[in-house]
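S.K.: What follows is structure_18.cif; its format and atoms are mmCIF, C-alpha atoms.
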data_input
#
loop_
_atom_site.label_atom_id
_atom_site.label_comp_id
_atom_site.auth_asym_id
_atom_site.auth_seq_id
_atom_site.Cartn_x
_atom_site.Cartn_y
_atom_site.Cartn_z
CA MET G 142 0.00 0.00 0.00
CA THR G 143 1.39 3.41 -0.98
CA PRO G 144 2.06 5.64 2.03
CA SER G 145 -0.19 8.67 2.25
CA VAL G 146 1.21 12.09 1.52
CA LEU G 147 0.79 13.09 5.15
CA SER G 148 2.63 9.99 6.33
CA ARG G 149 5.47 10.93 4.04
CA VAL G 150 5.41 14.51 5.32
CA ALA G 151 5.64 13.17 8.86
CA ALA G 152 8.51 10.96 7.80
CA GLY G 153 10.39 14.00 6.61
CA GLU G 154 10.14 13.43 2.89
CA PRO G 155 10.66 16.83 1.22
CA ALA G 156 8.80 15.98 -1.97
CA ALA G 157 5.76 15.14 0.11
CA VAL G 158 5.50 18.74 1.31
CA ARG G 159 5.27 19.96 -2.26
CA GLU G 160 2.82 17.24 -3.12
CA CYS G 161 0.68 18.02 -0.12
CA ILE G 162 0.53 21.72 -0.99
CA ALA G 163 -0.27 20.91 -4.60
CA ARG G 164 -2.93 18.39 -3.69
CA TYR G 165 -4.68 20.19 -0.86
CA GLY G 166 -3.76 23.84 -1.37
CA GLY G 167 -6.94 24.52 -3.29
CA LEU G 168 -9.11 22.87 -0.66
CA VAL G 169 -7.51 24.79 2.20
CA TRP G 170 -7.51 28.04 0.26
CA SER G 171 -11.16 27.69 -0.74
CA LEU G 172 -12.22 27.08 2.84
CA ALA G 173 -10.11 29.95 4.12
CA ARG G 174 -11.56 32.32 1.55
CA ARG G 175 -15.03 31.55 2.85
CA PHE G 176 -14.27 31.63 6.54
CA ALA G 177 -11.77 34.47 6.55
CA PRO G 178 -12.04 36.41 3.28
CA SER G 179 -10.07 39.38 4.56
CA ASP G 180 -7.05 37.44 5.77
CA ALA G 181 -7.23 34.14 3.97
CA GLU G 182 -3.51 34.14 3.21
CA ASP G 183 -2.54 34.27 6.88
CA ALA G 184 -5.13 31.63 7.68
CA VAL G 185 -3.84 29.27 5.01
CA GLN G 186 -0.28 29.56 6.25
CA GLU G 187 -1.39 28.83 9.80
CA ILE G 188 -3.36 25.83 8.59
CA PHE G 189 -0.38 24.34 6.80
CA VAL G 190 1.77 24.82 9.88
CA ASP G 191 -0.91 22.92 11.81
CA LEU G 192 -0.91 20.29 9.11
CA TRP G 193 2.84 19.73 9.28
CA LYS G 194 2.57 19.37 13.04
CA SER G 195 -0.34 16.99 12.95
CA ALA G 196 0.71 14.94 9.92
CA ALA G 197 2.03 12.16 12.13
CA ARG G 198 -1.39 11.79 13.71
CA PHE G 199 -3.10 11.03 10.41
CA ASP G 200 -4.56 7.55 10.42
CA PRO G 201 -6.08 6.36 7.15
CA GLU G 202 -8.19 3.91 9.11
CA THR G 203 -10.15 6.69 10.76
CA ALA G 204 -10.56 9.26 7.98
CA ALA G 205 -9.70 9.82 4.36
CA GLU G 206 -6.71 12.08 3.89
CA PRO G 207 -8.66 14.99 2.32
CA THR G 208 -11.11 14.76 5.19
CA PHE G 209 -8.27 14.93 7.70
CA VAL G 210 -6.87 18.00 5.96
CA ALA G 211 -10.29 19.66 6.00
CA MET G 212 -10.64 18.82 9.71
CA VAL G 213 -7.36 20.54 10.50
CA ALA G 214 -8.27 23.49 8.32
CA ARG G 215 -11.72 23.96 9.79
CA ARG G 216 -10.49 23.68 13.35
CA ARG G 217 -7.99 26.46 12.77
CA LEU G 218 -10.55 28.59 10.94
CA ILE G 219 -13.11 28.16 13.71
CA ASP G 220 -10.50 29.14 16.29
CA ARG G 221 -9.66 32.22 14.29
CA ARG G 222 -13.29 33.18 13.97
CA ARG G 223 -13.92 32.79 17.64
CA LYS G 224 -10.98 35.03 18.41
CA ASP G 225 -12.09 37.55 15.87
CA GLN G 226 -15.82 37.92 16.21
CA ARG G 227 -16.24 39.96 13.05
CA ARG G 228 -19.17 38.70 11.09
CA ARG G 229 -19.87 38.79 7.42
CA ASP G 230 -22.99 40.51 6.21
CA THR G 231 -24.41 37.66 4.21
CA ASP G 232 -27.55 35.69 3.69
CA PRO G 233 -27.61 31.94 3.31
CA LEU G 234 -27.56 29.69 0.33
CA PRO G 235 -30.90 27.97 0.03
CA GLU G 236 -29.59 24.50 -0.77
CA VAL G 237 -26.83 22.52 -2.40
CA PRO G 238 -26.89 20.60 -5.64
CA PRO G 239 -26.59 16.94 -6.36
CA ALA G 240 -23.29 16.56 -8.17
CA ALA G 241 -20.47 14.12 -8.45
CA ILE G 242 -17.51 15.66 -6.71
CA THR G 243 -15.26 12.97 -8.03
CA GLU G 244 -15.76 14.36 -11.50
CA ASP G 245 -14.20 17.65 -10.48
CA ARG G 246 -11.50 16.65 -8.05
CA PRO G 247 -10.91 12.93 -7.74
CA GLU G 248 -8.12 13.49 -5.22
CA LEU G 249 -10.65 14.90 -2.78
CA GLY G 250 -11.84 11.45 -2.28
CA ALA G 251 -14.65 9.01 -2.09
CA GLU G 252 -15.58 10.09 1.42
CA ALA G 253 -16.52 13.56 0.24
CA ALA G 254 -18.43 12.05 -2.67
CA LEU G 255 -20.35 9.97 -0.15
CA ALA G 256 -21.02 13.08 1.89
CA ALA G 257 -22.28 14.84 -1.23
CA ARG G 258 -24.65 11.98 -1.83
CA ALA G 259 -25.79 12.11 1.77
CA LEU G 260 -26.35 15.85 1.56
CA ASP G 261 -28.57 15.34 -1.41
CA GLN G 262 -30.75 13.04 0.65
CA LEU G 263 -31.30 15.58 3.40
CA ARG G 264 -34.21 17.93 3.75
CA PRO G 265 -33.34 21.26 2.07
CA GLU G 266 -33.27 23.09 5.39
CA GLN G 267 -30.84 20.56 6.89
CA ARG G 268 -28.62 20.74 3.85
CA GLN G 269 -28.72 24.51 3.90
CA VAL G 270 -27.68 24.71 7.53
CA LEU G 271 -24.88 22.19 7.12
CA ILE G 272 -23.39 23.86 4.05
CA LEU G 273 -23.54 27.32 5.53
CA THR G 274 -21.78 26.24 8.69
CA ALA G 275 -19.36 23.61 7.38
CA CYS G 276 -18.37 25.39 4.21
CA HIS G 277 -18.99 29.07 4.77
CA GLY G 278 -18.33 29.31 8.50
CA LEU G 279 -21.63 30.93 9.43
CA SER G 280 -22.78 30.57 13.03
CA HIS G 281 -26.14 29.14 13.99
CA GLU G 282 -27.18 32.61 15.11
CA GLU G 283 -26.26 34.11 11.76
CA ILE G 284 -28.24 31.48 9.93
CA ALA G 285 -31.23 31.99 12.20
CA ALA G 286 -31.08 35.74 11.65
CA SER G 287 -30.83 35.52 7.91
CA THR G 288 -33.36 32.75 7.32
CA GLY G 289 -35.91 33.56 9.97
CA MET G 290 -35.64 30.05 11.36
CA PRO G 291 -35.73 29.83 15.16
CA LEU G 292 -32.28 29.21 16.61
CA GLY G 293 -33.39 25.91 18.08
CA THR G 294 -34.59 24.78 14.68
CA VAL G 295 -31.26 25.66 13.11
CA LYS G 296 -29.46 23.61 15.76
CA ALA G 297 -31.84 20.72 15.29
CA HIS G 298 -31.30 20.75 11.53
CA ALA G 299 -27.55 20.76 12.09
CA ARG G 300 -27.69 17.85 14.50
CA ARG G 301 -30.07 15.69 12.50
CA GLY G 302 -28.36 16.46 9.24
CA LEU G 303 -24.93 15.57 10.57
CA LEU G 304 -26.14 12.35 12.13
CA ARG G 305 -27.68 11.36 8.83
CA VAL G 306 -24.52 12.13 6.89
CA ARG G 307 -22.56 10.10 9.43
CA GLU G 308 -24.85 7.14 8.86
CA VAL G 309 -24.11 7.29 5.14
CA LEU G 310 -20.37 7.71 5.67
CA ASP G 311 -20.22 4.85 8.12
CA ALA G 312 -22.21 2.62 5.81
CA GLY G 313 -19.92 3.59 2.95
CA ARG G 314 -16.91 2.55 4.96
CA GLY G 315 -18.27 -0.92 5.28
CA GLY G 316 -20.15 -0.22 8.43
CA VAL G 317 -17.10 0.84 10.37
CA GLY G 318 -17.69 4.07 12.18
CA PRO G 319 -14.19 4.96 13.28
CA ALA G 320 -15.06 8.01 15.28
CA ARG G 321 -18.18 6.54 16.80
CA GLU G 322 -17.96 3.90 19.40
CA THR G 323 -21.54 3.57 20.51
CA GLY G 324 -24.92 3.77 18.84
CA GLY G 325 -25.71 4.54 15.25
CA PRO G 326 -25.55 2.23 12.29
CA ARG G 327 -22.69 -0.18 11.92
CA MET R 134 -36.20 7.58 33.14
CA SER R 135 -35.40 6.43 29.65
CA ARG R 136 -36.98 9.63 28.28
CA VAL R 137 -34.63 11.70 30.45
CA ILE R 138 -31.63 9.76 29.16
CA SER R 139 -32.82 10.24 25.60
CA LEU R 140 -33.04 13.99 26.04
CA ARG R 141 -29.58 14.06 27.59
CA GLU R 142 -28.15 12.12 24.68
CA GLU R 143 -29.94 14.40 22.27
CA ARG R 144 -28.31 17.34 23.99
CA LEU R 145 -24.98 15.57 23.71
CA ASP R 146 -25.48 15.12 19.98
CA GLU R 147 -26.43 18.78 19.66
CA LEU R 148 -23.28 19.90 21.45
CA LEU R 149 -21.11 17.53 19.43
CA ALA R 150 -22.64 18.89 16.24
CA ALA R 151 -22.14 22.48 17.38
CA ARG R 152 -18.57 21.74 18.40
CA ALA R 153 -17.75 20.29 15.02
CA LEU R 154 -19.60 22.92 13.03
CA VAL R 155 -19.04 26.22 14.78
CA GLY R 156 -17.15 25.61 18.02
CA LEU R 157 -18.47 25.89 21.57
CA THR R 158 -18.58 28.59 24.19
CA PRO R 159 -16.72 27.86 27.45
CA ALA R 160 -20.05 27.11 29.13
CA GLU R 161 -20.97 24.66 26.39
CA GLU R 162 -17.53 23.07 26.63
CA SER R 163 -18.13 22.44 30.33
CA GLU R 164 -21.55 21.00 29.62
CA LEU R 165 -20.10 18.74 26.94
CA THR R 166 -17.36 17.52 29.26
CA GLU R 167 -19.98 16.60 31.81
CA LEU R 168 -22.13 14.79 29.27
CA LEU R 169 -19.16 12.87 27.89
CA ARG R 170 -18.49 11.55 31.37
CA GLU R 171 -22.06 10.36 31.45
CA PHE R 172 -21.98 8.66 28.05
CA ALA R 173 -18.88 6.56 28.09
CA GLY R 174 -17.57 5.75 24.64
CA ARG R 175 -18.71 8.98 23.04
CA ARG R 176 -15.97 11.32 21.88
CA ALA R 177 -15.81 15.08 21.62
CA ASP R 178 -14.45 14.95 18.08
CA GLU R 179 -16.63 12.20 16.72
CA LEU R 180 -18.47 14.48 14.28
CA ASP R 181 -15.41 16.41 13.10
CA ARG R 182 -14.79 13.93 10.31
CA VAL R 183 -18.39 14.17 9.15
CA VAL R 184 -18.32 17.96 9.06
CA ALA R 185 -15.03 17.94 7.18
CA ALA R 186 -16.46 15.61 4.55
CA VAL R 187 -19.51 17.86 4.27
CA ALA R 188 -17.26 20.88 3.83
CA ILE R 189 -15.42 19.23 0.96
CA ALA R 190 -18.68 18.13 -0.61
CA GLY R 191 -20.06 21.64 -0.26
CA LEU R 192 -17.11 23.07 -2.15
CA ARG R 193 -17.70 20.88 -5.15
CA GLY R 194 -17.28 22.72 -8.35
CA SER R 195 -16.08 25.88 -6.67
CA LEU R 196 -12.56 25.07 -5.57
CA GLU R 197 -10.06 27.78 -6.27
CA PRO R 198 -6.37 27.12 -6.83
CA LEU R 199 -3.95 28.20 -4.14
CA PRO R 200 -2.15 31.31 -5.44
CA ALA R 201 1.34 30.43 -6.59
CA HIS R 202 3.05 33.03 -4.43
CA LEU R 203 1.31 31.64 -1.38
CA ALA R 204 2.22 28.07 -2.25
CA GLY R 205 5.83 29.13 -2.47
CA ARG R 206 5.66 30.88 0.88
CA ILE R 207 4.09 27.88 2.57
CA GLU R 208 6.66 25.55 1.15
CA ALA R 209 9.50 27.84 2.17
CA ALA R 210 8.18 27.82 5.74
CA SER R 211 7.54 24.09 5.78
CA PRO R 212 9.26 21.90 8.36
CA ALA R 213 13.02 21.72 8.26
CA GLY R 214 12.95 19.49 11.24
CA ALA R 215 11.46 21.26 14.21
CA ALA R 216 7.76 21.20 13.44
CA VAL R 217 7.68 17.63 12.28
CA ASP R 218 9.93 16.59 15.11
CA ARG R 219 7.49 18.11 17.59
CA ALA R 220 4.61 16.35 15.91
CA ARG R 221 6.40 13.07 16.28
CA GLY R 222 6.31 13.60 20.01
CA ASP R 223 2.66 12.60 19.88
CA VAL R 224 3.42 9.12 18.61
CA ALA R 225 5.90 6.38 19.24
CA LYS R 226 9.35 7.78 18.64
CA PRO R 227 11.64 6.04 16.17
CA PRO R 228 15.12 4.92 17.19
CA ARG R 229 17.55 7.75 17.72
CA THR R 230 19.58 6.93 14.61
CA GLY R 231 16.44 7.07 12.55
CA ARG R 232 15.65 10.46 14.01
CA VAL R 233 19.10 11.74 13.16
CA ILE R 234 18.81 10.47 9.62
CA ALA R 235 15.39 11.98 9.24
CA PHE R 236 16.61 15.30 10.67
CA ALA R 237 19.59 15.31 8.35
CA GLY R 238 17.24 14.55 5.53
CA TRP R 239 15.22 17.62 6.32
CA LEU R 240 18.33 19.79 6.49
CA ALA R 241 19.47 18.55 3.11
CA ALA R 242 15.99 18.96 1.79
CA ALA R 243 15.83 22.55 3.01
CA ALA R 244 18.89 23.39 0.92
CA CYS R 245 17.40 21.70 -2.12
CA LEU R 246 14.10 23.40 -1.57
CA ALA R 247 15.69 26.81 -1.43
CA LEU R 248 17.09 26.16 -4.90
CA ALA R 249 13.87 24.71 -6.13
CA ILE R 250 11.55 27.44 -4.90
CA GLY R 251 12.19 29.72 -7.84
CA ALA R 252 11.31 27.01 -10.28
CA TRP R 253 8.41 25.95 -8.10
CA VAL R 254 6.81 29.37 -8.08
CA LEU R 255 6.94 29.42 -11.86
CA ARG R 256 5.64 25.89 -12.13
CA PRO R 257 2.16 25.57 -13.62
CA ARG R 258 -0.39 25.04 -10.88
CA PRO R 259 -1.95 21.60 -10.98
CA LEU R 260 -5.23 22.69 -9.45
CA PRO R 261 -7.32 24.74 -11.85
CA ALA R 262 -10.35 26.51 -10.44
CA VAL R 263 -12.61 25.14 -13.10
CA ALA R 264 -12.93 21.89 -14.93
CA LYS R 265 -10.33 21.42 -17.59
CA GLY R 266 -11.06 22.42 -21.13
CA PRO R 267 -13.89 24.98 -20.96
CA VAL R 268 -13.25 25.76 -24.61
CA GLU R 269 -13.68 22.12 -25.49
CA LEU R 270 -16.72 21.93 -23.24
CA ARG R 271 -18.28 24.88 -25.03
CA ASP R 272 -17.71 23.25 -28.39
CA GLU R 273 -19.18 20.00 -27.13
CA LEU R 274 -22.26 21.71 -25.74
CA LEU R 275 -22.86 23.73 -28.89
CA ALA R 276 -22.90 20.49 -30.82
CA SER R 277 -25.50 19.00 -28.47
CA LYS R 278 -29.25 19.10 -28.71
CA GLY R 279 -31.45 21.07 -26.34
CA VAL R 280 -28.74 23.57 -25.44
CA LEU R 281 -29.52 27.18 -24.57
CA ARG R 282 -27.44 30.15 -25.61
CA GLY R 283 -27.55 33.85 -24.84
CA GLU R 284 -25.46 36.85 -25.79
CA TRP R 285 -24.04 38.96 -22.99
CA SER R 286 -25.40 42.48 -22.73
CA ALA R 287 -23.09 45.02 -21.16
CA THR R 288 -24.37 47.36 -18.46
CA ALA R 289 -23.22 50.78 -17.35
CA ASP R 290 -20.61 49.16 -15.14
CA PRO R 291 -17.14 50.22 -16.29
CA ALA R 292 -15.89 46.63 -16.20
CA SER R 293 -18.22 45.69 -19.04
CA ARG R 294 -17.44 48.55 -21.36
CA GLY R 295 -17.06 46.95 -24.77
CA ALA R 296 -17.59 43.48 -23.36
CA SER R 297 -19.34 40.81 -25.36
CA GLY R 298 -19.60 37.04 -25.49
CA ASP R 299 -22.15 34.43 -24.70
CA ILE R 300 -23.49 31.92 -22.28
CA VAL R 301 -24.06 28.31 -23.28
CA TRP R 302 -26.07 26.09 -21.00
CA ASP R 303 -27.15 22.49 -21.29
CA PRO R 304 -30.18 21.86 -19.05
CA ALA R 305 -29.83 18.11 -19.40
CA SER R 306 -26.27 17.78 -18.15
CA GLN R 307 -26.40 20.95 -16.03
CA ARG R 308 -23.18 22.11 -17.62
CA GLY R 309 -22.38 25.37 -19.26
CA THR R 310 -19.77 27.91 -20.20
CA MET R 311 -19.37 31.63 -20.32
CA ARG R 312 -17.30 33.27 -23.02
CA PHE R 313 -16.20 36.85 -22.64
CA ARG R 314 -14.44 39.26 -24.89
CA GLY R 315 -13.26 42.59 -23.58
CA LEU R 316 -14.33 42.08 -19.98
CA ALA R 317 -12.09 44.11 -17.68
CA LYS R 318 -9.23 42.29 -15.98
CA ASN R 319 -9.83 42.03 -12.23
CA ASP R 320 -7.57 41.99 -9.20
CA PRO R 321 -8.53 38.66 -7.64
CA HIS R 322 -7.40 39.83 -4.21
CA ALA R 323 -9.91 42.65 -4.23
CA VAL R 324 -12.71 41.87 -6.66
CA GLN R 325 -13.95 38.77 -8.38
CA TYR R 326 -16.64 38.19 -10.90
CA GLN R 327 -19.51 35.98 -9.82
CA LEU R 328 -22.19 34.35 -11.93
CA TRP R 329 -25.81 34.20 -10.83
CA ILE R 330 -28.47 32.13 -12.49
CA PHE R 331 -32.06 33.24 -12.09
CA ASP R 332 -34.18 30.12 -12.14
CA LYS R 333 -37.83 30.81 -12.94
CA THR R 334 -38.90 28.02 -10.61
CA ARG R 335 -37.14 29.52 -7.61
CA ASP R 336 -37.40 32.58 -5.42
CA GLN R 337 -35.95 35.41 -7.51
CA ARG R 338 -34.40 36.96 -4.43
CA TYR R 339 -32.03 34.02 -4.31
CA PRO R 340 -30.50 33.36 -7.71
CA ILE R 341 -28.27 30.32 -7.97
CA ASP R 342 -24.60 30.91 -7.36
CA GLY R 343 -22.74 29.99 -10.53
CA GLY R 344 -19.28 30.42 -9.04
CA VAL R 345 -16.60 33.09 -8.99
CA PHE R 346 -14.03 33.61 -11.68
CA ASP R 347 -11.29 35.95 -12.75
CA VAL R 348 -10.30 37.63 -15.94
CA ASP R 349 -6.54 37.53 -15.83
CA ARG R 350 -5.86 38.53 -19.38
CA ASP R 351 -5.48 42.09 -20.53
CA THR R 352 -7.57 41.27 -23.57
CA GLY R 353 -10.45 40.17 -21.38
CA ASP R 354 -10.94 37.11 -23.57
CA VAL R 355 -11.76 34.07 -21.47
CA VAL R 356 -13.97 31.00 -21.50
CA VAL R 357 -15.12 29.85 -18.08
CA ALA R 358 -16.95 26.70 -17.10
CA ILE R 359 -20.06 27.20 -15.00
CA HIS R 360 -20.37 25.49 -11.65
CA ALA R 361 -23.94 25.99 -10.53
CA GLN R 362 -24.45 25.40 -6.83
CA LEU R 363 -27.98 24.13 -7.35
CA VAL R 364 -29.92 22.30 -10.00
CA VAL R 365 -31.07 24.84 -12.56
CA ASN R 366 -34.60 23.96 -13.59
CA ASP R 367 -35.61 26.81 -15.88
CA PRO R 368 -32.97 29.50 -16.32
CA GLY R 369 -34.45 32.88 -17.18
CA LEU R 370 -31.42 35.09 -16.83
CA PHE R 371 -27.70 34.79 -16.29
CA ALA R 372 -26.04 37.74 -14.60
CA VAL R 373 -22.45 38.44 -13.67
CA THR R 374 -21.73 40.74 -10.76
CA ALA R 375 -18.48 42.11 -9.40
CA GLU R 376 -18.06 41.08 -5.79
CA LYS R 377 -15.45 41.11 -3.07
CA ALA R 378 -12.73 38.50 -3.35
CA GLY R 379 -14.10 35.04 -2.72
CA GLY R 380 -17.60 35.96 -3.76
CA VAL R 381 -20.68 36.37 -1.63
CA VAL R 382 -23.58 34.18 -0.63
CA VAL R 383 -26.16 36.74 -1.65
CA SER R 384 -25.24 39.62 -3.91
CA SER R 385 -26.21 43.19 -3.15
CA ARG R 386 -26.34 43.55 -6.94
CA GLU R 387 -24.58 46.89 -6.73
CA ARG R 388 -22.33 46.01 -9.65
CA ILE R 389 -24.13 44.00 -12.29
CA VAL R 390 -21.58 43.69 -15.06
CA VAL R 391 -23.29 41.73 -17.82
CA THR R 392 -26.54 39.82 -18.29
CA ALA R 393 -27.74 37.25 -20.80
CA THR R 394 -31.11 35.75 -21.53
CA PRO R 395 -30.75 32.14 -22.68
CA LYS R 396 -32.74 30.87 -25.62
CA PRO R 397 -32.83 27.54 -27.44
CA ILE R 398 -30.31 27.38 -30.24
#
Would you mind writing the file out in structure tokens?

M.R.:
Amino acid sequence: MTPSVLSRVAAGEPAAVRECIARYGGLVWSLARRFAPSDAEDAVQEIFVDLWKSAARFDPETAAEPTFVAMVARRRLIDRRRKDQRRRDTDPLPEVPPAAITEDRPELGAEAALAARALDQLRPEQRQVLILTACHGLSHEEIAASTGMPLGTVKAHARRGLLRVREVLDAGRGGVGPARETGGPR
Amino acid sequence: MSRVISLREERLDELLAARALVGLTPAEESELTELLREFAGRRADELDRVVAAVAIAGLRGSLEPLPAHLAGRIEAASPAGAAVDRARGDVAKPPRTGRVIAFAGWLAAAACLALAIGAWVLRPRPLPAVAKGPVELRDELLASKGVLRGEWSATADPASRGASGDIVWDPASQRGTMRFRGLAKNDPHAVQYQLWIFDKTRDQRYPIDGGVFDVDRDTGDVVVAIHAQLVVNDPGLFAVTAEKAGGVVVSSRERIVVTATPKPI
């Protein structure tokens, strides 16, 4: 089995750093541009520093590599947003489309394609809430304010939507839910 | 009793979802810690992976390439030993000799990288913002049946002065292209063009986001693939606005640059 890029980064392989930037730079940059449009460049550099530090913790048994990268990126972006409470003056996207992500960026992986499929199965409101938070970094309060949905409803959509996507992801991984040790589908 | 437990677990799920999606307040963190003690086997980060996969899925069709200058900067600041060495502290440490070899490898690599950075910055980026071959896609669509086409109409916006071109859209495959001639070059760090598709079957206050794009040629001649964020059922109007870098979720429509009404070919 070919070692993952992150494993090779952790092992100190110089070419892996270049490969990692080439492979995931667009993903990290696109997330940063949505979460932190005014200082996306700083955010991206911080994220890659985090990535170098956490590369050794990547375990392909628990998450696909693109997913791991997105986890690291989002965690840093959330931290930055919480430190800097500036909010964007935006309204939400109403829903997300059914589309095959693998057609656009095969290196972003089957897990994301599964998630796309799962999103398409959600109620529009659930999908809307998940995309606006996961992708665009909007808070529940911001979504409630811009959609008119009660805050509790927004939170419920987020929770139910995520649990449903997890069911699909777990099923897609052969019933192994690596991050879930109790309950839910196997 | 079981109802009480169910509500507690529901609250746990809600906090886990909030943690993964938007982060928690200190009070919520405390509440989560308490609930995790109650529900052994549950983990604080168990939904992080799900949210990350959703984030990637949500970006489909709208990924932007990392700017070359930034890629070079990140690579130049990449680990020459210290950062990776610290990370290794979290896992089983290799034998000392292995660590020395790995460290020496990084030092040697740093020297090589310094030489390679110049070439790297000039290297073609492997991650285009749009699907490859929009020109070919346009040709393919124009040869297909049931395709819609519309000529761009310039507005009073200075960016569209002298601009022309067309939109080609295939309702069946939900693919399309925009061709521009003479559209003003934009500074992607300040302003980006964004396509909006007004679908007659949807609320007109919320046109479909067709993605952001740049005109990086002085001639303003570009062909761009469309990445609609939603299924377009019945497109009545395509409009391009100038927005802040990265685009917006809902446009204020202050700068409508060009519009096109699609019609069957």

S.K.: What separation in Å, quoted to one decimal, exists between atom CA of Phe172 of chain R and atom CA of Ala150 of chain R?

M.R.: 15.6 Å

S.K.: Quick one: pull the distance between atom CA of Val381 of chain R and atom CA of Tyr165 of chain G, Å, one decimal.

M.R.: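 Computing it gives 22.8 Å between the two atoms.
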
S.K.: Between R:Asp181, R:Asp146, R:Asp320, R:Glu171, which is the closest to Asp351 of chain R once you count only C-alpha atoms?

M.R.: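 Smallest separation from Asp351 of chain R among the options: R:Asp320.
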
S.K.: Extract, using all atoms listed in the file, all DNA, RNA and protein residues at most 6 Å from segment 338-340 of chain R, discarding same-chain residues fewer than 5 positions from it, and format them as a short mmCIF file (atom, residue, chain, number, x, y, z; two decimals) with C-alpha atoms, in the coordinates of the input.

M.R.:
data_model
loop_
_atom_site.label_atom_id
_atom_site.label_comp_id
_atom_site.auth_asym_id
_atom_site.auth_seq_id
_atom_site.Cartn_x
_atom_site.Cartn_y
_atom_site.Cartn_z
CA TRP R 329 -25.81 34.20 -10.83
CA ILE R 330 -28.47 32.13 -12.49
CA PHE R 331 -32.06 33.24 -12.09
#

S.K.: Care to translate the PyMOL selection byres ((chain G and resi 284) around 10) into actual residues of this file, as an NGL selection string?

M.R.: :G and (231-234 or 269-270 or 273-274 or 279-283 or 285-292 or 295-296)

S.K.: Please provide the set of residues having any atom within 9 Å of Asp290 of chain R, restricted to all atoms listed in the file, with same-chain residues fewer than 5 positions apart removed, written as an mmCIF file with C-alpha atoms, in the coordinates of the input.

M.R.:
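Final output, result.cif:
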data_model
loop_
_atom_site.group_PDB
_atom_site.id
_atom_site.type_symbol
_atom_site.label_atom_id
_atom_site.label_comp_id
_atom_site.auth_asym_id
_atom_site.auth_seq_id
_atom_site.Cartn_x
_atom_site.Cartn_y
_atom_site.Cartn_z
ATOM 1 C CA ARG R 388 -22.330 46.010 -9.650
ATOM 2 C CA ILE R 389 -24.130 44.000 -12.290
ATOM 3 C CA VAL R 390 -21.580 43.690 -15.060
ATOM 4 C CA VAL R 391 -23.290 41.730 -17.820
#

S.K.: When you count all atoms listed in the file, which of these residues is closest to chain R: G:His298, G:Arg217, G:Arg307, G:Arg222?

M.R.: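 Ranking G:His298, G:Arg217, G:Arg307, G:Arg222 by distance to chain R, first place goes to G:Arg307.
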
S.K.: Per residue of segment 288-336 of chain R within 12 Å of segment 186-208 of chain R, record the nearest atom pair and its distance in Å to one decimal, counting only C-alpha atoms, with rows in chain order and ascending residue number, as a tab-separated table.

M.R.:
residue	atom	partner	partner_atom	distance
R:Arg308	CA	R:Gly194	CA	11.0
R:Pro321	CA	R:Pro200	CA	10.0
R:His322	CA	R:Pro200	CA	10.1
R:Gln325	CA	R:Glu197	CA	11.8
R:Gln327	CA	R:Ser195	CA	11.1
R:Leu328	CA	R:Ser195	CA	11.7

S.K.: I need the residue set behind the PyMOL selection byres ((chain R and resi 160-164) around 10) for this file; please write it as an MDAnalysis selection string.

M.R.: chainID R and resid 144:145 148:149 151:152 156:159 165:169 177

S.K.: Which protein, DNA or RNA residues have an atom at most 6 Å from (-40.4, 26.3, -14.1), counting all atoms listed in the file? List them as an MDAnalysis selection string.

M.R.: chainID R and resid 333:334 367

S.K.: Of the candidates G:Ser148, G:Ser171, G:Thr203, G:Ser179, which one gets nearest to Asp178 of chain R if we count only C-alpha atoms?

M.R.: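 Under the stated criterion, the closest residue is G:Thr203.
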
S.K.: Please, which residues are within 12 Å of (-9.6, 31.8, 17.5) by the file's coordinates, counting all atoms listed in the file, and could they come as a PyMOL selection string?

M.R.: (chain G and resi 176-177+184+187+215-227) or (chain R and resi 155-158)

S.K.: Of the candidates G:Val309, G:Leu303, G:Leu147, G:Ile272, which one gets nearest to Ala205 of chain G if we count all atoms listed in the file?

M.R.: G:Leu147

S.K.: Provide the atom CA of Leu192 of chain G to atom CA of Ala299 of chain G distance in Å, to one decimal place.

M.R.: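 Computing the Euclidean distance for atom CA of Leu192 of chain G and atom CA of Ala299 of chain G yields 26.8 Å.
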
S.K.: Could you tell me which residues the PyMOL selection byres ((chain G and resi 212) around 8) returns for this structure, as a count of residues only?

M.R.: 12

S.K.: Give me the box for segment 315-333 of chain R as lines of an AutoDock Vina configuration file, namely the centre and edge lengths in Å to one decimal of a box along x, y and z that holds every listed atom plus 5 Å on each side.

M.R.:
center_x = -22.6
center_y = 37.1
center_z = -13.9
size_x = 40.4
size_y = 24.0
size_z = 29.4
